[in-house]
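Listing of run-v4.pdb; format and content: PDB, N, CA and C atoms.
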ATOM      1  N   MET D 133     167.169 100.483 179.602
ATOM      2  CA  MET D 133     165.963 100.989 178.978
ATOM      3  C   MET D 133     164.738 100.395 179.675
ATOM      4  N   PHE D 134     163.618 100.981 179.431
ATOM      5  CA  PHE D 134     162.346 100.520 179.984
ATOM      6  C   PHE D 134     162.315 100.714 181.496
ATOM      7  N   GLN D 135     162.767 101.870 181.932
ATOM      8  CA  GLN D 135     162.692 102.236 183.344
ATOM      9  C   GLN D 135     162.272 103.684 183.467
ATOM     10  N   GLY D 136     161.166 104.015 182.975
ATOM     11  CA  GLY D 136     160.710 105.395 183.058
ATOM     12  C   GLY D 136     159.372 105.511 182.379
ATOM     13  N   GLY D 137     159.050 106.702 181.981
ATOM     14  CA  GLY D 137     157.777 106.941 181.332
ATOM     15  C   GLY D 137     157.818 106.638 179.851
ATOM     16  N   PRO D 138     156.655 106.507 179.237
ATOM     17  CA  PRO D 138     156.588 106.180 177.817
ATOM     18  C   PRO D 138     157.163 107.274 176.917
ATOM     19  N   THR D 139     157.069 108.523 177.338
ATOM     20  CA  THR D 139     157.629 109.609 176.523
ATOM     21  C   THR D 139     159.143 109.481 176.434
ATOM     22  N   ARG D 140     159.774 109.231 177.553
ATOM     23  CA  ARG D 140     161.233 109.049 177.577
ATOM     24  C   ARG D 140     161.637 107.874 176.698
ATOM     25  N   GLU D 141     160.908 106.783 176.803
ATOM     26  CA  GLU D 141     161.232 105.597 176.018
ATOM     27  C   GLU D 141     161.046 105.844 174.525
ATOM     28  N   ALA D 142     159.984 106.543 174.151
ATOM     29  CA  ALA D 142     159.753 106.853 172.737
ATOM     30  C   ALA D 142     160.877 107.725 172.185
ATOM     31  N   ILE D 143     161.335 108.680 172.977
ATOM     32  CA  ILE D 143     162.447 109.539 172.540
ATOM     33  C   ILE D 143     163.709 108.708 172.335
ATOM     34  N   LEU D 144     163.991 107.811 173.276
ATOM     35  CA  LEU D 144     165.170 106.947 173.141
ATOM     36  C   LEU D 144     165.069 106.032 171.922
ATOM     37  N   ILE D 145     163.905 105.429 171.728
ATOM     38  CA  ILE D 145     163.723 104.537 170.580
ATOM     39  C   ILE D 145     163.903 105.311 169.276
ATOM     40  N   ASN D 146     163.333 106.497 169.185
ATOM     41  CA  ASN D 146     163.512 107.314 167.979
ATOM     42  C   ASN D 146     164.970 107.687 167.776
ATOM     43  N   GLN D 147     165.667 107.976 168.858
ATOM     44  CA  GLN D 147     167.090 108.302 168.764
ATOM     45  C   GLN D 147     167.879 107.104 168.238
ATOM     46  N   TYR D 148     167.616 105.921 168.791
ATOM     47  CA  TYR D 148     168.313 104.712 168.333
ATOM     48  C   TYR D 148     167.980 104.405 166.874
ATOM     49  N   GLN D 149     166.723 104.599 166.489
ATOM     50  CA  GLN D 149     166.345 104.372 165.088
ATOM     51  C   GLN D 149     167.101 105.323 164.167
ATOM     52  N   SER D 150     167.345 106.546 164.615
ATOM     53  CA  SER D 150     168.065 107.509 163.775
ATOM     54  C   SER D 150     169.528 107.111 163.586
ATOM     55  N   TYR D 151     170.103 106.406 164.553
ATOM     56  CA  TYR D 151     171.486 105.938 164.420
ATOM     57  C   TYR D 151     171.598 104.845 163.369
ATOM     58  N   SER D 152     170.572 104.069 163.210
ATOM     59  CA  SER D 152     170.565 102.962 162.256
ATOM     60  C   SER D 152     169.844 103.415 160.996
ATOM     61  N   LYS D 153     170.530 104.149 160.156
ATOM     62  CA  LYS D 153     169.912 104.823 159.010
ATOM     63  C   LYS D 153     169.382 103.861 157.943
ATOM     64  N   LYS D 154     170.170 102.851 157.575
ATOM     65  CA  LYS D 154     169.775 101.982 156.467
ATOM     66  C   LYS D 154     168.917 100.796 156.900
ATOM     67  N   VAL D 155     169.183 100.270 158.080
ATOM     68  CA  VAL D 155     168.465  99.090 158.552
ATOM     69  C   VAL D 155     167.681  99.468 159.807
ATOM     70  N   PRO D 156     166.355  99.502 159.731
ATOM     71  CA  PRO D 156     165.568  99.853 160.918
ATOM     72  C   PRO D 156     165.748  98.812 162.030
ATOM     73  N   LEU D 157     165.781  99.280 163.241
ATOM     74  CA  LEU D 157     165.879  98.383 164.391
ATOM     75  C   LEU D 157     164.509  97.799 164.705
ATOM     76  N   MET D 158     164.480  96.543 165.105
ATOM     77  CA  MET D 158     163.234  95.937 165.580
ATOM     78  C   MET D 158     163.283  95.977 167.109
ATOM     79  N   ILE D 159     162.356  96.687 167.698
ATOM     80  CA  ILE D 159     162.326  96.891 169.139
ATOM     81  C   ILE D 159     161.297  95.940 169.749
ATOM     82  N   SER D 160     161.688  95.265 170.826
ATOM     83  CA  SER D 160     160.758  94.353 171.504
ATOM     84  C   SER D 160     160.782  94.620 173.003
ATOM     85  N   VAL D 161     159.780  94.085 173.677
ATOM     86  CA  VAL D 161     159.660  94.236 175.124
ATOM     87  C   VAL D 161     159.063  92.961 175.708
ATOM     88  N   ASP D 162     159.462  92.656 176.925
ATOM     89  CA  ASP D 162     158.835  91.575 177.682
ATOM     90  C   ASP D 162     157.769  92.233 178.548
ATOM     91  N   GLY D 163     156.554  92.279 178.028
ATOM     92  CA  GLY D 163     155.485  92.970 178.738
ATOM     93  C   GLY D 163     154.165  92.253 178.584
ATOM     94  N   GLU D 164     154.091  91.017 179.062
ATOM     95  CA  GLU D 164     152.872  90.241 178.818
ATOM     96  C   GLU D 164     151.635  90.822 179.479
ATOM     97  N   TRP D 165     151.794  91.630 180.524
ATOM     98  CA  TRP D 165     150.601  92.277 181.075
ATOM     99  C   TRP D 165     150.607  93.766 180.838
ATOM    100  N   GLY D 166     151.262  94.173 179.755
ATOM    101  CA  GLY D 166     151.212  95.567 179.327
ATOM    102  C   GLY D 166     152.500  96.320 179.605
ATOM    103  N   LEU D 167     152.548  97.550 179.139
ATOM    104  CA  LEU D 167     153.744  98.374 179.307
ATOM    105  C   LEU D 167     153.999  98.730 180.764
ATOM    106  N   ASN D 168     152.982  98.656 181.604
ATOM    107  CA  ASN D 168     153.156  98.951 183.018
ATOM    108  C   ASN D 168     154.147  97.994 183.678
ATOM    109  N   MET D 169     154.385  96.881 183.031
ATOM    110  CA  MET D 169     155.351  95.925 183.536
ATOM    111  C   MET D 169     156.770  96.496 183.479
ATOM    112  N   ARG D 170     157.008  97.428 182.574
ATOM    113  CA  ARG D 170     158.348  97.993 182.371
ATOM    114  C   ARG D 170     158.408  99.509 182.514
ATOM    115  N   MET D 171     157.283 100.186 182.427
ATOM    116  CA  MET D 171     157.273 101.648 182.443
ATOM    117  C   MET D 171     156.307 102.169 183.493
ATOM    118  N   ASP D 172     156.577 103.381 183.933
ATOM    119  CA  ASP D 172     155.632 103.999 184.852
ATOM    120  C   ASP D 172     154.658 104.888 184.069
ATOM    121  N   SER D 173     153.672 105.374 184.736
ATOM    122  CA  SER D 173     152.670 106.318 184.204
ATOM    123  C   SER D 173     151.929 105.811 182.960
ATOM    124  N   VAL D 174     151.697 104.505 182.901
ATOM    125  CA  VAL D 174     150.852 103.917 181.854
ATOM    126  C   VAL D 174     149.783 103.060 182.539
ATOM    127  N   ILE D 175     148.799 102.643 181.781
ATOM    128  CA  ILE D 175     147.694 101.865 182.334
ATOM    129  C   ILE D 175     148.201 100.542 182.902
ATOM    130  N   ALA D 176     147.771 100.226 184.113
ATOM    131  CA  ALA D 176     148.112  98.946 184.745
ATOM    132  C   ALA D 176     146.972  97.962 184.475
ATOM    133  N   PHE D 177     147.227  96.992 183.635
ATOM    134  CA  PHE D 177     146.241  95.970 183.312
ATOM    135  C   PHE D 177     146.346  94.810 184.291
ATOM    136  N   PRO D 178     145.306  93.964 184.368
ATOM    137  CA  PRO D 178     145.360  92.785 185.243
ATOM    138  C   PRO D 178     146.443  91.803 184.783
ATOM    139  N   ARG D 179     146.927  91.019 185.729
ATOM    140  CA  ARG D 179     147.915  89.992 185.424
ATOM    141  C   ARG D 179     147.248  88.843 184.669
ATOM    142  N   GLN D 180     148.058  87.972 184.090
ATOM    143  CA  GLN D 180     147.557  86.900 183.235
ATOM    144  C   GLN D 180     146.705  85.885 183.994
ATOM    145  N   LEU D 181     146.970  85.664 185.259
ATOM    146  CA  LEU D 181     146.170  84.718 186.035
ATOM    147  C   LEU D 181     144.712  85.152 186.068
ATOM    148  N   LEU D 182     144.475  86.436 186.257
ATOM    149  CA  LEU D 182     143.114  86.957 186.243
ATOM    150  C   LEU D 182     142.513  86.868 184.845
ATOM    151  N   MET D 183     143.306  87.139 183.830
ATOM    152  CA  MET D 183     142.808  87.080 182.452
ATOM    153  C   MET D 183     142.322  85.666 182.120
ATOM    154  N   GLY D 184     142.996  84.648 182.670
ATOM    155  CA  GLY D 184     142.586  83.268 182.439
ATOM    156  C   GLY D 184     141.234  82.940 183.050
ATOM    157  N   ALA D 185     140.823  83.716 184.038
ATOM    158  CA  ALA D 185     139.539  83.471 184.700
ATOM    159  C   ALA D 185     138.375  84.188 184.008
ATOM    160  N   ILE D 186     138.677  85.076 183.077
ATOM    161  CA  ILE D 186     137.631  85.831 182.381
ATOM    162  C   ILE D 186     136.959  84.926 181.342
ATOM    163  N   GLN D 187     135.649  84.894 181.351
ATOM    164  CA  GLN D 187     134.898  84.033 180.437
ATOM    165  C   GLN D 187     134.635  84.685 179.086
ATOM    166  N   ASP D 188     134.710  85.992 179.015
ATOM    167  CA  ASP D 188     134.389  86.721 177.791
ATOM    168  C   ASP D 188     135.660  86.938 176.965
ATOM    169  N   ASN D 189     135.815  86.175 175.895
ATOM    170  CA  ASN D 189     137.003  86.291 175.049
ATOM    171  C   ASN D 189     137.123  87.646 174.384
ATOM    172  N   THR D 190     136.019  88.348 174.235
ATOM    173  CA  THR D 190     136.056  89.682 173.636
ATOM    174  C   THR D 190     136.876  90.630 174.504
ATOM    175  N   LEU D 191     136.745  90.525 175.809
ATOM    176  CA  LEU D 191     137.520  91.382 176.715
ATOM    177  C   LEU D 191     139.017  91.106 176.594
ATOM    178  N   ILE D 192     139.366  89.850 176.471
ATOM    179  CA  ILE D 192     140.778  89.489 176.332
ATOM    180  C   ILE D 192     141.321  89.999 175.004
ATOM    181  N   TYR D 193     140.525  89.894 173.959
ATOM    182  CA  TYR D 193     140.927  90.403 172.649
ATOM    183  C   TYR D 193     141.142  91.919 172.716
ATOM    184  N   GLU D 194     140.235  92.633 173.355
ATOM    185  CA  GLU D 194     140.357  94.088 173.482
ATOM    186  C   GLU D 194     141.581  94.470 174.306
ATOM    187  N   PHE D 195     141.887  93.688 175.326
ATOM    188  CA  PHE D 195     143.106  93.901 176.105
ATOM    189  C   PHE D 195     144.330  93.818 175.195
ATOM    190  N   GLY D 196     144.395  92.776 174.391
ATOM    191  CA  GLY D 196     145.518  92.598 173.472
ATOM    192  C   GLY D 196     145.641  93.738 172.484
ATOM    193  N   LYS D 197     144.502  94.202 171.962
ATOM    194  CA  LYS D 197     144.519  95.333 171.031
ATOM    195  C   LYS D 197     145.058  96.594 171.703
ATOM    196  N   GLU D 198     144.659  96.830 172.930
ATOM    197  CA  GLU D 198     145.102  98.039 173.629
ATOM    198  C   GLU D 198     146.589  97.980 173.963
ATOM    199  N   VAL D 199     147.068  96.833 174.390
ATOM    200  CA  VAL D 199     148.504  96.689 174.656
ATOM    201  C   VAL D 199     149.286  96.909 173.363
ATOM    202  N   ALA D 200     148.812  96.355 172.259
ATOM    203  CA  ALA D 200     149.473  96.543 170.963
ATOM    204  C   ALA D 200     149.463  98.011 170.546
ATOM    205  N   ARG D 201     148.350  98.695 170.776
ATOM    206  CA  ARG D 201     148.261 100.121 170.422
ATOM    207  C   ARG D 201     149.274 100.933 171.219
ATOM    208  N   GLN D 202     149.395 100.646 172.505
ATOM    209  CA  GLN D 202     150.351 101.371 173.333
ATOM    210  C   GLN D 202     151.784 101.089 172.901
ATOM    211  N   CYS D 203     152.073  99.834 172.599
ATOM    212  CA  CYS D 203     153.417  99.481 172.127
ATOM    213  C   CYS D 203     153.752 100.232 170.842
ATOM    214  N   ARG D 204     152.825 100.257 169.935
ATOM    215  CA  ARG D 204     153.044 100.940 168.655
ATOM    216  C   ARG D 204     153.334 102.425 168.867
ATOM    217  N   ARG D 205     152.600 103.060 169.774
ATOM    218  CA  ARG D 205     152.788 104.497 170.027
ATOM    219  C   ARG D 205     154.178 104.802 170.555
ATOM    220  N   VAL D 206     154.735 103.873 171.334
ATOM    221  CA  VAL D 206     156.062 104.090 171.903
ATOM    222  C   VAL D 206     157.156 103.742 170.900
ATOM    223  N   GLY D 207     156.840 102.859 169.948
ATOM    224  CA  GLY D 207     157.821 102.447 168.950
ATOM    225  C   GLY D 207     158.278 101.003 169.100
ATOM    226  N   ILE D 208     157.527 100.234 169.876
ATOM    227  CA  ILE D 208     157.844  98.830 170.101
ATOM    228  C   ILE D 208     157.109  97.996 169.058
ATOM    229  N   HIS D 209     157.850  97.075 168.426
ATOM    230  CA  HIS D 209     157.286  96.249 167.362
ATOM    231  C   HIS D 209     156.779  94.897 167.849
ATOM    232  N   VAL D 210     157.465  94.315 168.835
ATOM    233  CA  VAL D 210     157.134  92.965 169.304
ATOM    234  C   VAL D 210     157.013  92.977 170.824
ATOM    235  N   ASN D 211     155.910  92.460 171.302
ATOM    236  CA  ASN D 211     155.733  92.322 172.746
ATOM    237  C   ASN D 211     155.861  90.849 173.095
TER     238      ASN D 211
END

How does the structure come out when it is put into structure tokens?
Amino acid sequence: MFQGGPTREAILINQYQSYSKKVPLMISVDGEWGLNMRMDSVIAFPRQLLMGAIQDNTLIYEFGKEVARQCRRVGIHVN
């Protein structure tokens, strides 16, 4: 899993969730610099080394919100 586009991954996650009728699956990903780390055709964010050099914490917060929004859309609960 996590070798393709976000649409394919969302379809797979929904399929797996349907197999587990009574107990929902918790889906996670190792994607500290965004879904682009594991999927194609999504926004490529800067790596963490660059993020550490940014002085404006608001930008880092917005980065985190956007990565979380993308994860949620695909069906990922924990990044």

Computed interatomic separation between atom N of Gly207 of chain D and atom N of Leu144 of chain D (Å): 9.3 Å

Residue among D:Leu182, D:Ile208, D:Ile175, D:Met169 lying closest to Gln149 of chain D, counting only C-alpha atoms: D:Ile208

Contacts of Gly166 of chain D at 8 Å (all atoms listed in the file; same-chain gap of 2+ positions) as a PyMOL selection string: chain D and resi 162-164+168-171+174-179+198-200+203

DSSP helix (DSSP H, G or I) selection over segment 152-183 of chain D, as a ChimeraX atom specification: /D:167-169,180-183

Residue IDs satisfying the PyMOL selection byres ((chain D and resi 209) around 7), as a ChimeraX atom specification: /D:158-161,203-204,207-208,210-211

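Coordinates place atom CA of Gln202 of chain D at a distance of 14.0 Å from atom CA of Ile145 of chain D.
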
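Here atom C of Tyr151 of chain D stands at a distance of 29.3 Å from atom N of Trp165 of chain D.
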
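Among D:Leu157, D:Ser152, D:Gly136, D:Gly196, the residue with the shortest atom-to-atom distance to Ser173 of chain D, counting all atoms listed in the file, is D:Gly136.
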
Shell around Ile143 of chain D at 7 Å using only N, CA and C atoms, local window under 5 positions removed, as a VMD selection string: chain D and resid 138 148 206
